[in-house]
file run.txt (compact mmCIF, C-alpha atoms and all ligand atoms)
# COMPACT_ATOMS: atom_id res chain seq x y z
CA MET V 146 -120.42 33.34 -180.59
CA ILE V 147 -122.49 30.18 -180.57
CA ASP V 148 -123.74 29.22 -184.03
CA GLY V 149 -124.83 26.16 -185.99
CA LYS V 150 -121.26 24.81 -186.10
CA THR V 151 -120.44 25.16 -182.40
CA GLN V 152 -119.02 21.90 -181.01
CA ILE V 153 -120.11 20.75 -177.56
CA TYR V 154 -117.74 19.46 -174.87
CA GLY V 155 -118.29 18.99 -171.17
CA LEU V 156 -117.49 17.49 -167.80
CA ILE V 157 -119.53 14.71 -166.20
CA GLY V 158 -119.28 13.87 -162.51
CA ASP V 159 -121.08 14.42 -159.23
CA PRO V 160 -120.51 17.08 -158.00
CA VAL V 161 -119.23 19.28 -160.83
CA GLU V 162 -120.06 22.77 -159.51
CA HIS V 163 -116.59 23.22 -157.94
CA SER V 164 -114.67 22.30 -161.10
CA LEU V 165 -112.19 24.65 -162.78
CA SER V 166 -112.39 22.63 -166.03
CA PRO V 167 -115.07 24.83 -167.72
CA LEU V 168 -112.94 27.91 -167.07
CA ILE V 169 -109.75 26.20 -168.32
CA GLN V 170 -111.29 24.56 -171.41
CA ASN V 171 -113.30 27.59 -172.51
CA SER V 172 -110.17 29.76 -172.08
CA LEU V 173 -108.11 27.31 -174.16
CA ALA V 174 -110.86 27.35 -176.82
CA GLU V 175 -110.77 31.15 -176.95
CA MET V 176 -106.96 31.22 -177.13
CA HIS V 177 -106.94 28.71 -179.99
CA GLY V 178 -109.97 30.18 -181.82
CA LYS V 179 -112.05 26.99 -181.49
CA ASN V 180 -115.80 27.24 -182.10
CA MET V 181 -116.78 25.16 -179.06
CA VAL V 182 -118.46 25.37 -175.70
CA TYR V 183 -117.56 23.33 -172.59
CA LEU V 184 -120.19 22.81 -169.91
CA PRO V 185 -120.38 21.13 -166.48
CA MET V 186 -122.99 18.33 -166.44
CA ARG V 187 -123.93 16.64 -163.17
CA VAL V 188 -124.59 12.94 -163.75
CA LEU V 189 -125.81 10.62 -160.98
CA GLU V 190 -124.19 7.16 -160.73
CA GLU V 191 -127.39 5.35 -161.71
CA ASP V 192 -127.72 7.54 -164.82
CA LEU V 193 -124.18 7.05 -166.13
CA GLU V 194 -124.92 4.54 -168.90
CA GLY V 195 -127.88 6.57 -170.19
CA ALA V 196 -125.83 9.78 -170.06
CA ILE V 197 -122.97 8.28 -172.12
CA CYS V 198 -125.37 6.77 -174.64
CA GLY V 199 -127.34 10.01 -174.93
CA ALA V 200 -124.20 12.16 -175.21
CA HIS V 201 -122.98 9.97 -178.07
CA LYS V 202 -126.30 10.22 -179.91
CA LEU V 203 -126.27 13.99 -179.34
CA HIS V 204 -122.79 14.03 -180.90
CA ILE V 205 -121.14 15.68 -177.91
CA ASN V 206 -117.58 15.76 -179.23
CA GLY V 207 -115.67 15.16 -176.03
CA LEU V 208 -116.15 14.76 -172.29
CA ASN V 209 -114.02 14.91 -169.21
CA VAL V 210 -114.98 12.47 -166.48
CA THR V 211 -114.46 13.16 -162.80
CA ALA V 212 -115.32 11.42 -159.52
CA PRO V 213 -117.17 9.15 -158.98
CA HIS V 214 -117.35 7.96 -162.62
CA LYS V 215 -113.69 7.59 -163.70
CA GLU V 216 -113.64 3.81 -163.32
CA LYS V 217 -117.29 2.87 -163.87
CA VAL V 218 -117.53 4.75 -167.17
CA MET V 219 -115.01 2.35 -168.75
CA LYS V 220 -117.61 -0.32 -169.41
CA TYR V 221 -119.66 2.04 -171.59
CA LEU V 222 -116.81 2.91 -173.98
CA SER V 223 -116.05 1.42 -177.40
CA GLU V 224 -112.28 1.62 -176.92
CA ILE V 225 -109.77 2.45 -174.16
CA ASP V 226 -106.18 3.47 -174.75
CA GLN V 227 -103.34 1.47 -173.19
CA THR V 228 -102.34 4.00 -170.51
CA ALA V 229 -105.92 4.36 -169.26
CA LYS V 230 -106.21 0.56 -169.13
CA GLU V 231 -103.05 0.36 -167.02
CA ILE V 232 -104.30 2.98 -164.58
CA GLY V 233 -107.80 1.52 -164.58
CA ALA V 234 -109.49 4.89 -164.94
CA VAL V 235 -110.33 7.39 -167.69
CA ASN V 236 -110.79 11.13 -167.46
CA THR V 237 -111.19 12.02 -171.15
CA LEU V 238 -113.65 10.73 -173.77
CA LEU V 239 -113.35 11.31 -177.52
CA TRP V 240 -116.36 10.83 -179.80
CA THR V 241 -115.86 8.18 -182.52
CA GLU V 242 -118.41 6.57 -184.87
CA ASP V 243 -118.59 3.40 -182.73
CA GLY V 244 -118.77 5.08 -179.34
CA TYR V 245 -116.46 7.05 -177.06
CA LYS V 246 -112.77 6.24 -176.78
CA GLY V 247 -111.35 6.71 -173.26
CA PHE V 248 -108.02 8.21 -172.22
CA ASN V 249 -106.33 9.15 -168.98
CA THR V 250 -104.51 12.48 -169.11
CA ASP V 251 -103.82 12.65 -165.33
CA ILE V 252 -100.56 10.76 -165.85
CA TYR V 253 -99.63 12.95 -168.79
CA GLY V 254 -100.41 16.08 -166.75
CA LEU V 255 -98.36 14.82 -163.84
CA GLU V 256 -95.37 13.96 -166.02
CA ARG V 257 -95.42 17.43 -167.59
CA ALA V 258 -95.76 19.02 -164.14
CA PHE V 259 -92.82 16.98 -162.77
CA GLU V 260 -90.70 17.99 -165.76
CA SER V 261 -91.37 21.69 -165.57
CA ASP V 262 -91.10 21.81 -161.77
CA GLY V 263 -87.84 19.83 -161.82
CA PHE V 264 -89.25 17.06 -159.61
CA GLU V 265 -86.87 14.12 -160.18
CA VAL V 266 -88.07 10.52 -160.08
CA SER V 267 -85.73 8.36 -162.17
CA GLY V 268 -83.30 6.41 -160.01
CA LYS V 269 -84.67 7.95 -156.79
CA ASP V 270 -86.36 6.47 -153.76
CA ILE V 271 -89.84 8.01 -153.81
CA ILE V 272 -92.46 8.13 -151.07
CA LEU V 273 -96.06 8.04 -152.33
CA ILE V 274 -98.73 8.95 -149.80
CA GLY V 275 -102.17 7.58 -150.73
CA ALA V 276 -103.46 4.62 -152.73
CA GLY V 277 -106.69 5.91 -154.30
CA GLY V 278 -107.51 6.75 -157.93
CA ALA V 279 -104.95 9.56 -158.25
CA ALA V 280 -102.24 7.46 -156.61
CA ARG V 281 -102.83 4.76 -159.24
CA ALA V 282 -101.83 7.21 -161.98
CA VAL V 283 -98.84 8.35 -159.88
CA GLY V 284 -97.75 4.76 -159.26
CA VAL V 285 -97.82 3.88 -162.98
CA LEU V 286 -95.83 7.03 -163.77
CA LEU V 287 -93.25 6.31 -161.05
CA ALA V 288 -92.77 2.78 -162.44
CA ARG V 289 -92.49 4.06 -166.01
CA LEU V 290 -89.96 6.70 -164.97
CA LYS V 291 -88.02 3.96 -163.16
CA ALA V 292 -88.04 5.22 -159.60
CA SER V 293 -85.43 3.22 -157.72
CA HIS V 294 -87.85 2.19 -154.94
CA ILE V 295 -91.44 3.28 -154.22
CA TYR V 296 -92.59 3.45 -150.60
CA ILE V 297 -96.40 3.60 -150.53
CA LEU V 298 -97.71 5.01 -147.25
CA ASN V 299 -101.47 4.72 -146.82
CA ARG V 300 -104.10 4.65 -144.07
CA THR V 301 -105.52 1.34 -145.34
CA LYS V 302 -102.63 -1.01 -146.08
CA ALA V 303 -104.87 -3.41 -148.05
CA ASN V 304 -105.50 -0.64 -150.62
CA ALA V 305 -101.78 0.10 -150.85
CA ASN V 306 -101.02 -3.61 -151.28
CA GLU V 307 -103.56 -3.78 -154.09
CA LEU V 308 -101.91 -0.77 -155.77
CA SER V 309 -98.48 -2.36 -155.33
CA ARG V 310 -99.71 -5.64 -156.84
CA ARG V 311 -101.16 -3.81 -159.82
CA ILE V 312 -97.97 -1.84 -160.52
CA ILE V 313 -95.71 -4.90 -160.22
CA GLU V 314 -97.98 -6.88 -162.55
CA LEU V 315 -97.51 -4.17 -165.19
CA TYR V 316 -93.88 -3.29 -164.44
CA PRO V 317 -92.31 -6.36 -162.77
CA TYR V 318 -88.93 -4.68 -162.22
CA THR V 319 -90.48 -2.14 -159.82
CA GLU V 320 -89.48 -2.32 -156.16
CA ILE V 321 -92.30 -1.35 -153.81
CA THR V 322 -92.73 -1.40 -150.04
CA VAL V 323 -96.10 -0.77 -148.38
CA LEU V 324 -96.30 0.94 -145.00
CA GLY V 325 -98.85 2.62 -142.77
CA LEU V 326 -98.85 6.42 -142.51
CA ASP V 327 -97.04 6.30 -139.14
CA GLU V 328 -94.48 3.70 -140.22
CA PHE V 329 -92.17 6.00 -142.21
CA ARG V 330 -89.30 5.31 -139.78
CA ASN V 331 -89.26 1.73 -141.11
CA ILE V 332 -87.96 2.99 -144.47
CA PRO V 333 -84.32 1.81 -144.65
CA ASP V 334 -81.88 4.60 -143.70
CA PHE V 335 -84.80 7.03 -143.30
CA MET V 336 -82.99 9.07 -140.65
CA THR V 337 -79.95 9.71 -142.83
CA LYS V 338 -81.71 10.44 -146.13
CA LYS V 339 -83.98 13.00 -147.81
CA PHE V 340 -86.80 11.88 -150.12
CA ASN V 341 -88.98 13.23 -152.90
CA VAL V 342 -92.56 12.75 -151.70
CA ILE V 343 -95.86 12.80 -153.60
CA GLN V 344 -98.94 13.52 -151.51
CA ALA V 345 -101.82 11.83 -153.40
CA SER V 346 -104.27 11.33 -150.52
CA SER V 347 -107.33 13.55 -150.23
CA VAL V 348 -106.33 14.76 -146.75
CA GLY V 349 -106.04 18.56 -146.86
CA LEU V 350 -108.50 18.96 -149.72
CA GLU V 351 -110.47 22.16 -149.01
CA LYS V 352 -108.95 22.15 -145.49
CA ARG V 353 -105.94 24.30 -144.59
CA ASP V 354 -105.10 22.56 -141.31
CA GLU V 355 -105.10 18.85 -142.21
CA ALA V 356 -102.29 16.67 -143.53
CA PRO V 357 -101.96 12.87 -143.83
CA ILE V 358 -98.82 12.93 -141.66
CA LEU V 359 -98.45 15.51 -138.89
CA ASP V 360 -95.17 14.36 -137.31
CA ASP V 361 -92.43 16.95 -138.06
CA GLU V 362 -89.81 14.21 -137.98
CA PHE V 363 -91.18 13.06 -141.34
CA TYR V 364 -90.87 16.50 -142.93
CA ASN V 365 -87.23 16.77 -141.80
CA HIS V 366 -86.54 14.13 -144.45
CA VAL V 367 -88.48 15.61 -147.37
CA ALA V 368 -86.30 17.18 -150.06
CA LYS V 369 -89.23 17.96 -152.40
CA GLY V 370 -92.91 17.52 -151.65
CA TYR V 371 -95.55 17.38 -154.38
CA ASP V 372 -99.16 17.72 -153.22
CA LEU V 373 -101.75 16.84 -155.89
CA ILE V 374 -104.24 19.09 -154.11
CA TYR V 375 -104.74 22.55 -155.65
CA ASN V 376 -107.47 23.80 -153.31
CA PRO V 377 -106.11 25.32 -151.12
CA LEU V 378 -103.11 26.40 -153.19
CA GLU V 379 -100.88 25.84 -150.15
CA THR V 380 -101.75 22.84 -148.00
CA LEU V 381 -100.49 22.05 -144.51
CA PHE V 382 -98.35 19.29 -146.10
CA MET V 383 -96.68 21.96 -148.28
CA ARG V 384 -96.22 24.36 -145.36
CA LYS V 385 -94.59 21.62 -143.31
CA VAL V 386 -92.24 20.70 -146.17
CA LYS V 387 -91.21 24.35 -146.53
CA ALA V 388 -90.84 24.84 -142.77
CA ASN V 389 -88.26 22.03 -142.85
CA GLU V 390 -86.32 23.61 -145.73
CA GLY V 391 -87.81 21.44 -148.47
CA GLU V 392 -89.34 22.57 -151.76
CA ALA V 393 -93.12 22.22 -152.12
CA TYR V 394 -95.45 22.19 -155.13
CA ASN V 395 -99.25 22.07 -155.42
CA GLY V 396 -101.47 20.24 -157.93
CA MET V 397 -102.34 23.26 -160.08
CA HIS V 398 -99.67 22.50 -162.66
CA MET V 399 -100.93 18.93 -162.97
CA LEU V 400 -104.52 20.17 -163.29
CA LEU V 401 -103.64 22.59 -166.09
CA SER V 402 -101.46 20.04 -167.89
CA GLN V 403 -104.09 17.28 -167.76
CA ALA V 404 -106.64 19.77 -169.12
CA LEU V 405 -104.24 20.62 -171.93
CA GLY V 406 -103.84 16.88 -172.57
CA SER V 407 -107.62 16.52 -173.01
CA PHE V 408 -107.75 19.59 -175.26
CA GLU V 409 -104.98 18.15 -177.45
CA ILE V 410 -106.73 14.76 -177.72
CA TRP V 411 -109.94 16.49 -178.82
CA HIS V 412 -108.36 18.90 -181.26
CA ASN V 413 -105.12 17.38 -182.54
CA GLY V 414 -105.33 13.70 -181.76
CA VAL V 415 -102.21 14.09 -179.56
CA GLY V 416 -102.06 11.40 -176.90
CA ASN V 417 -103.89 8.94 -179.16
CA GLU V 418 -101.49 6.05 -178.70
CA GLU V 419 -103.26 3.25 -180.52
P1 LIG S 1 -109.65 8.69 -153.64
O1 LIG S 1 -109.63 7.68 -154.73
O2 LIG S 1 -110.88 8.91 -152.85
O3 LIG S 1 -108.43 8.29 -152.62
C1 LIG S 1 -108.30 8.97 -151.40
C2 LIG S 1 -106.97 8.61 -150.73
O4 LIG S 1 -106.84 9.43 -149.55
C3 LIG S 1 -106.86 7.17 -150.26
O5 LIG S 1 -105.52 6.76 -150.27
C4 LIG S 1 -107.38 7.26 -148.81
O6 LIG S 1 -106.87 6.25 -147.97
C5 LIG S 1 -106.79 8.58 -148.39
N1 LIG S 1 -107.56 9.19 -147.31
C6 LIG S 1 -108.80 9.69 -147.38
N2 LIG S 1 -109.19 10.18 -146.18
C7 LIG S 1 -108.15 9.94 -145.32
C8 LIG S 1 -107.93 10.23 -143.95
N3 LIG S 1 -108.85 10.84 -143.21
N4 LIG S 1 -106.73 9.89 -143.41
C9 LIG S 1 -105.79 9.27 -144.16
N5 LIG S 1 -105.94 8.98 -145.47
C10 LIG S 1 -107.11 9.31 -146.05
O7 LIG S 1 -109.23 10.13 -154.18
P2 LIG S 1 -108.35 10.45 -155.47
O8 LIG S 1 -109.23 10.54 -156.65
O9 LIG S 1 -107.21 9.53 -155.48
O10 LIG S 1 -107.86 11.95 -155.16
C11 LIG S 1 -106.86 12.19 -154.20
C12 LIG S 1 -106.47 13.66 -154.22
O11 LIG S 1 -105.81 13.97 -155.44
C13 LIG S 1 -107.67 14.60 -154.12
O12 LIG S 1 -107.37 15.59 -153.18
C14 LIG S 1 -107.78 15.20 -155.50
O13 LIG S 1 -108.26 16.53 -155.45
C15 LIG S 1 -106.35 15.17 -155.99
N6 LIG S 1 -106.24 15.12 -157.45
C16 LIG S 1 -105.64 16.15 -158.09
C17 LIG S 1 -105.52 16.14 -159.46
C18 LIG S 1 -104.86 17.30 -160.17
O14 LIG S 1 -105.03 17.45 -161.40
N7 LIG S 1 -104.08 18.10 -159.47
C19 LIG S 1 -106.02 15.06 -160.23
C20 LIG S 1 -106.62 13.99 -159.53
C21 LIG S 1 -106.74 14.04 -158.15
P3 LIG S 1 -107.63 4.84 -147.78
O15 LIG S 1 -107.10 3.94 -148.86
O16 LIG S 1 -107.25 4.43 -146.43
O17 LIG S 1 -109.11 5.10 -147.92

call {"tool": "encode", "arguments": {"input": "run.txt", "output": "C-alpha cells", "more": "lines below"}}
Ligand code: NAP
result
Amino acid sequence: MIDGKTQIYGLIGDPVEHSLSPLIQNSLAEMHGKNMVYLPMRVLEEDLEGAICGAHKLHINGLNVTAPHKEKVMKYLSEIDQTAKEIGAVNTLLWTEDGYKGFNTDIYGLERAFESDGFEVSGKDIILIGAGGAARAVGVLLARLKASHIYILNRTKANANELSRRIIELYPYTEITVLGLDEFRNIPDFMTKKFNVIQASSVGLEKRDEAPILDDEFYNHVAKGYDLIYNPLETLFMRKVKANEGEAYNGMHMLLSQALGSFEIWHNGVGNEE
C-alpha cells in the first residue's frame, strides 16, 4: 500500500524498460516489509544533472544508475566511496543532506557470485575478456583477490591497455598482459593449461549465437567460464565452455547480488565504507 510515508527509489538510465531491477527491488521490499516503491526512470544524457538535482530536492531516497550514466553521474554527487572511485563508476546513489553519495555494488555482487559459485581467483591465472565498464569492476576485484596473472583479451587493445594501467596504478603488484581476442595462443603454456575465464564483453547480449571468441581451441582450455551476461541465460560462450567439459555460469547471480548490495546500502548502511 502506498501512503504518506512511502519512500521512493528508482533506476535512472537510457534505456530502462528492459531492466529487472524494479522487479528485484520491489520483491526485496515486500520480503523485508519496507514501505517503498522502486520505479524505472528514463533520463537522457543531456538531462542528467537536472535529474540528479531534482531527485535530491524531491527527496528520492536512493537510485540505481545504469548505462550510459554510470561514469558521468559521478560529477553530480556530494561524495563517492573508495571502491566506486577505484572502478571509476557508480551504480548506487544514497540520499544524504548534502547530496547523493555514490557506490559501486557491481564488484560486491561479483565477489558474492564468485564465492557462492566456487569460482576461484586467488593465486590463479585468469583470462578476462573485455575492457569496458563491467570489466573495470572485474579487473579491480581480480587484483584485490590477488589473481596470479590477469590476461586481458579485448577487441581494442588500447582500451585493454588503459584498463591495465588503471589496475596497476591502484594495485602495483598485479601482473597483467594485454592481448587481442585472437591472440590467446600467446599466453605462456596455454596449450598445456586450463584457465578460469570471465567474459565481460557485451558480445552475446540478447543474441544466442554470438561470442567474443569462436575458436574451439580456446574453449578446450577453459576450466570455468563466467559470463556476466544474463540475457540469454545461456550464451554461446557458456555453451562452448560446457561442450569442452568446462563449467559455465551466467551473470544472474551477480545481478541479484549487486541488487542486494544496493538494497543493503539503502536500508542498513552496509557497504558504506567511509
Ligand atoms: P561496455 O562498457 O560497452 O563494454 C563493452 C565491451 O565489449 C568492450 O570491451 C568492447 O570492446 C566489447 N565489445 C563490444 N562489441 C564487441 C564486438 N562486436 N566484438 C568484440 N568485442 C566487443 O559494456 P559494459 O557495461 O562493460 O557491459 C558488458 C557486459 O556486461 C554487458 O553484456 C552487460 O550486460 C554485462 N553486465 C552484467 C552485469 C550483471 O550484473 N550481471 C553488470 C554489468 C554489466 P572494445 O573495447 O573493443 O569496444

call {"tool": "closest_residue", "arguments": {"input": "run.txt", "among": "V:Val367, V:Leu239, V:Ile272, V:Leu324", "to": "V:Ala388", "atoms": "all atoms listed in the file"}}
result
V:Val367

call {"tool": "atom_distance", "arguments": {"input": "run.txt", "atom1": "atom CA of V:Val210", "atom2": "atom O1 of ligand LIG 1 (chain S)"}}
result
13.8 Å

call {"tool": "atom_distance", "arguments": {"input": "run.txt", "atom1": "atom CA of V:Glu362", "atom2": "atom CA of V:Gly325"}}
result
15.5 Å

call {"tool": "residues_near_point", "arguments": {"input": "run.txt", "point": "(-89.0, 18.1, -160.4)", "cutoff": "12 Å", "atoms": "all atoms listed in the file", "output": "ChimeraX atom specification"}}
result
/V:255-267,269,341-343,368-371,392-394,398

call {"tool": "atom_distance", "arguments": {"input": "run.txt", "atom1": "atom CA of V:Leu298", "atom2": "atom CA of V:Ala280"}}
result
10.7 Å

call {"tool": "decode", "arguments": {"input": "run.txt", "residues": "stretch 237-249 of chain V", "atoms": "all heavy atoms", "output": "PDB file, in the first residue's frame"}}
result
ATOM      1  N   THR V 237      24.961   2.984  -7.595  1.00  0.00           N
ATOM      2  CA  THR V 237      24.017   3.131  -6.484  1.00  0.00           C
ATOM      3  C   THR V 237      24.195   4.505  -5.840  1.00  0.00           C
ATOM      4  O   THR V 237      25.329   4.885  -5.517  1.00  0.00           O
ATOM      5  CB  THR V 237      24.281   2.048  -5.406  1.00  0.00           C
ATOM      6  OG1 THR V 237      24.200   0.764  -6.031  1.00  0.00           O
ATOM      7  CG2 THR V 237      23.269   2.118  -4.267  1.00  0.00           C
ATOM      8  N   LEU V 238      23.090   5.238  -5.661  1.00  0.00           N
ATOM      9  CA  LEU V 238      23.141   6.551  -5.012  1.00  0.00           C
ATOM     10  C   LEU V 238      22.302   6.521  -3.744  1.00  0.00           C
ATOM     11  O   LEU V 238      21.179   5.999  -3.748  1.00  0.00           O
ATOM     12  CB  LEU V 238      22.586   7.651  -5.936  1.00  0.00           C
ATOM     13  CG  LEU V 238      23.154   7.758  -7.359  1.00  0.00           C
ATOM     14  CD1 LEU V 238      22.590   8.997  -8.055  1.00  0.00           C
ATOM     15  CD2 LEU V 238      24.667   7.805  -7.347  1.00  0.00           C
ATOM     16  N   LEU V 239      22.857   7.092  -2.676  1.00  0.00           N
ATOM     17  CA  LEU V 239      22.162   7.176  -1.390  1.00  0.00           C
ATOM     18  C   LEU V 239      21.947   8.642  -1.052  1.00  0.00           C
ATOM     19  O   LEU V 239      22.912   9.435  -1.063  1.00  0.00           O
ATOM     20  CB  LEU V 239      23.025   6.494  -0.313  1.00  0.00           C
ATOM     21  CG  LEU V 239      22.537   6.611   1.130  1.00  0.00           C
ATOM     22  CD1 LEU V 239      21.266   5.771   1.338  1.00  0.00           C
ATOM     23  CD2 LEU V 239      23.624   6.147   2.100  1.00  0.00           C
ATOM     24  N   TRP V 240      20.700   8.999  -0.739  1.00  0.00           N
ATOM     25  CA  TRP V 240      20.388  10.391  -0.388  1.00  0.00           C
ATOM     26  C   TRP V 240      21.069  10.783   0.915  1.00  0.00           C
ATOM     27  O   TRP V 240      21.008  10.042   1.901  1.00  0.00           O
ATOM     28  CB  TRP V 240      18.873  10.559  -0.226  1.00  0.00           C
ATOM     29  CG  TRP V 240      18.392  11.988  -0.191  1.00  0.00           C
ATOM     30  CD1 TRP V 240      17.914  12.710  -1.231  1.00  0.00           C
ATOM     31  CD2 TRP V 240      18.340  12.854   0.962  1.00  0.00           C
ATOM     32  NE1 TRP V 240      17.578  13.984  -0.822  1.00  0.00           N
ATOM     33  CE2 TRP V 240      17.831  14.103   0.529  1.00  0.00           C
ATOM     34  CE3 TRP V 240      18.687  12.716   2.304  1.00  0.00           C
ATOM     35  CZ2 TRP V 240      17.643  15.181   1.378  1.00  0.00           C
ATOM     36  CZ3 TRP V 240      18.511  13.805   3.157  1.00  0.00           C
ATOM     37  CH2 TRP V 240      17.997  15.014   2.702  1.00  0.00           C
ATOM     38  N   THR V 241      21.778  11.915   0.937  1.00  0.00           N
ATOM     39  CA  THR V 241      22.282  12.497   2.187  1.00  0.00           C
ATOM     40  C   THR V 241      21.918  13.976   2.147  1.00  0.00           C
ATOM     41  O   THR V 241      21.567  14.505   1.081  1.00  0.00           O
ATOM     42  CB  THR V 241      23.820  12.365   2.329  1.00  0.00           C
ATOM     43  OG1 THR V 241      24.443  13.264   1.401  1.00  0.00           O
ATOM     44  CG2 THR V 241      24.314  10.945   2.071  1.00  0.00           C
ATOM     45  N   GLU V 242      22.025  14.654   3.281  1.00  0.00           N
ATOM     46  CA  GLU V 242      21.654  16.085   3.359  1.00  0.00           C
ATOM     47  C   GLU V 242      22.349  16.911   2.276  1.00  0.00           C
ATOM     48  O   GLU V 242      21.750  17.768   1.645  1.00  0.00           O
ATOM     49  CB  GLU V 242      22.056  16.668   4.726  1.00  0.00           C
ATOM     50  CG  GLU V 242      21.160  16.245   5.887  1.00  0.00           C
ATOM     51  CD  GLU V 242      19.765  16.867   5.824  1.00  0.00           C
ATOM     52  OE1 GLU V 242      19.596  17.893   5.143  1.00  0.00           O
ATOM     53  OE2 GLU V 242      18.849  16.286   6.436  1.00  0.00           O
ATOM     54  N   ASP V 243      23.663  16.612   2.059  1.00  0.00           N
ATOM     55  CA  ASP V 243      24.467  17.446   1.145  1.00  0.00           C
ATOM     56  C   ASP V 243      24.316  17.097  -0.327  1.00  0.00           C
ATOM     57  O   ASP V 243      24.766  17.837  -1.193  1.00  0.00           O
ATOM     58  CB  ASP V 243      25.956  17.309   1.505  1.00  0.00           C
ATOM     59  CG  ASP V 243      26.225  17.740   2.933  1.00  0.00           C
ATOM     60  OD1 ASP V 243      25.457  18.586   3.423  1.00  0.00           O
ATOM     61  OD2 ASP V 243      27.177  17.214   3.543  1.00  0.00           O
ATOM     62  N   GLY V 244      23.758  15.942  -0.603  1.00  0.00           N
ATOM     63  CA  GLY V 244      23.645  15.482  -1.992  1.00  0.00           C
ATOM     64  C   GLY V 244      23.685  13.961  -1.972  1.00  0.00           C
ATOM     65  O   GLY V 244      23.663  13.350  -0.905  1.00  0.00           O
ATOM     66  N   TYR V 245      23.788  13.335  -3.147  1.00  0.00           N
ATOM     67  CA  TYR V 245      23.837  11.869  -3.170  1.00  0.00           C
ATOM     68  C   TYR V 245      25.264  11.376  -2.967  1.00  0.00           C
ATOM     69  O   TYR V 245      26.220  11.963  -3.477  1.00  0.00           O
ATOM     70  CB  TYR V 245      23.315  11.332  -4.506  1.00  0.00           C
ATOM     71  CG  TYR V 245      21.806  11.383  -4.617  1.00  0.00           C
ATOM     72  CD1 TYR V 245      21.189  12.324  -5.437  1.00  0.00           C
ATOM     73  CD2 TYR V 245      21.013  10.487  -3.909  1.00  0.00           C
ATOM     74  CE1 TYR V 245      19.813  12.376  -5.543  1.00  0.00           C
ATOM     75  CE2 TYR V 245      19.627  10.535  -4.009  1.00  0.00           C
ATOM     76  CZ  TYR V 245      19.036  11.477  -4.829  1.00  0.00           C
ATOM     77  OH  TYR V 245      17.678  11.524  -4.917  1.00  0.00           O
ATOM     78  N   LYS V 246      25.375  10.266  -2.231  1.00  0.00           N
ATOM     79  CA  LYS V 246      26.666   9.580  -2.122  1.00  0.00           C
ATOM     80  C   LYS V 246      26.634   8.386  -3.073  1.00  0.00           C
ATOM     81  O   LYS V 246      25.633   7.650  -3.123  1.00  0.00           O
ATOM     82  CB  LYS V 246      26.917   9.111  -0.684  1.00  0.00           C
ATOM     83  CG  LYS V 246      28.228   8.347  -0.557  1.00  0.00           C
ATOM     84  CD  LYS V 246      28.611   8.026   0.874  1.00  0.00           C
ATOM     85  CE  LYS V 246      29.934   7.270   0.894  1.00  0.00           C
ATOM     86  NZ  LYS V 246      30.370   6.881   2.214  1.00  0.00           N
ATOM     87  N   GLY V 247      27.728   8.202  -3.839  1.00  0.00           N
ATOM     88  CA  GLY V 247      27.758   7.143  -4.852  1.00  0.00           C
ATOM     89  C   GLY V 247      28.540   5.916  -4.423  1.00  0.00           C
ATOM     90  O   GLY V 247      29.570   6.023  -3.752  1.00  0.00           O
ATOM     91  N   PHE V 248      28.037   4.753  -4.802  1.00  0.00           N
ATOM     92  CA  PHE V 248      28.680   3.467  -4.524  1.00  0.00           C
ATOM     93  C   PHE V 248      28.718   2.644  -5.806  1.00  0.00           C
ATOM     94  O   PHE V 248      27.977   2.912  -6.748  1.00  0.00           O
ATOM     95  CB  PHE V 248      27.870   2.650  -3.490  1.00  0.00           C
ATOM     96  CG  PHE V 248      27.707   3.321  -2.158  1.00  0.00           C
ATOM     97  CD1 PHE V 248      26.679   4.229  -1.953  1.00  0.00           C
ATOM     98  CD2 PHE V 248      28.565   3.036  -1.114  1.00  0.00           C
ATOM     99  CE1 PHE V 248      26.524   4.848  -0.721  1.00  0.00           C
ATOM    100  CE2 PHE V 248      28.410   3.644   0.128  1.00  0.00           C
ATOM    101  CZ  PHE V 248      27.384   4.549   0.318  1.00  0.00           C
ATOM    102  N   ASN V 249      29.541   1.598  -5.782  1.00  0.00           N
ATOM    103  CA  ASN V 249      29.508   0.631  -6.879  1.00  0.00           C
ATOM    104  C   ASN V 249      29.314  -0.753  -6.282  1.00  0.00           C
ATOM    105  O   ASN V 249      30.205  -1.262  -5.592  1.00  0.00           O
ATOM    106  CB  ASN V 249      30.795   0.684  -7.703  1.00  0.00           C
ATOM    107  CG  ASN V 249      30.675  -0.159  -8.954  1.00  0.00           C
ATOM    108  OD1 ASN V 249      30.295  -1.322  -8.883  1.00  0.00           O
ATOM    109  ND2 ASN V 249      30.963   0.421 -10.097  1.00  0.00           N
TER     110      ASN V 249
END
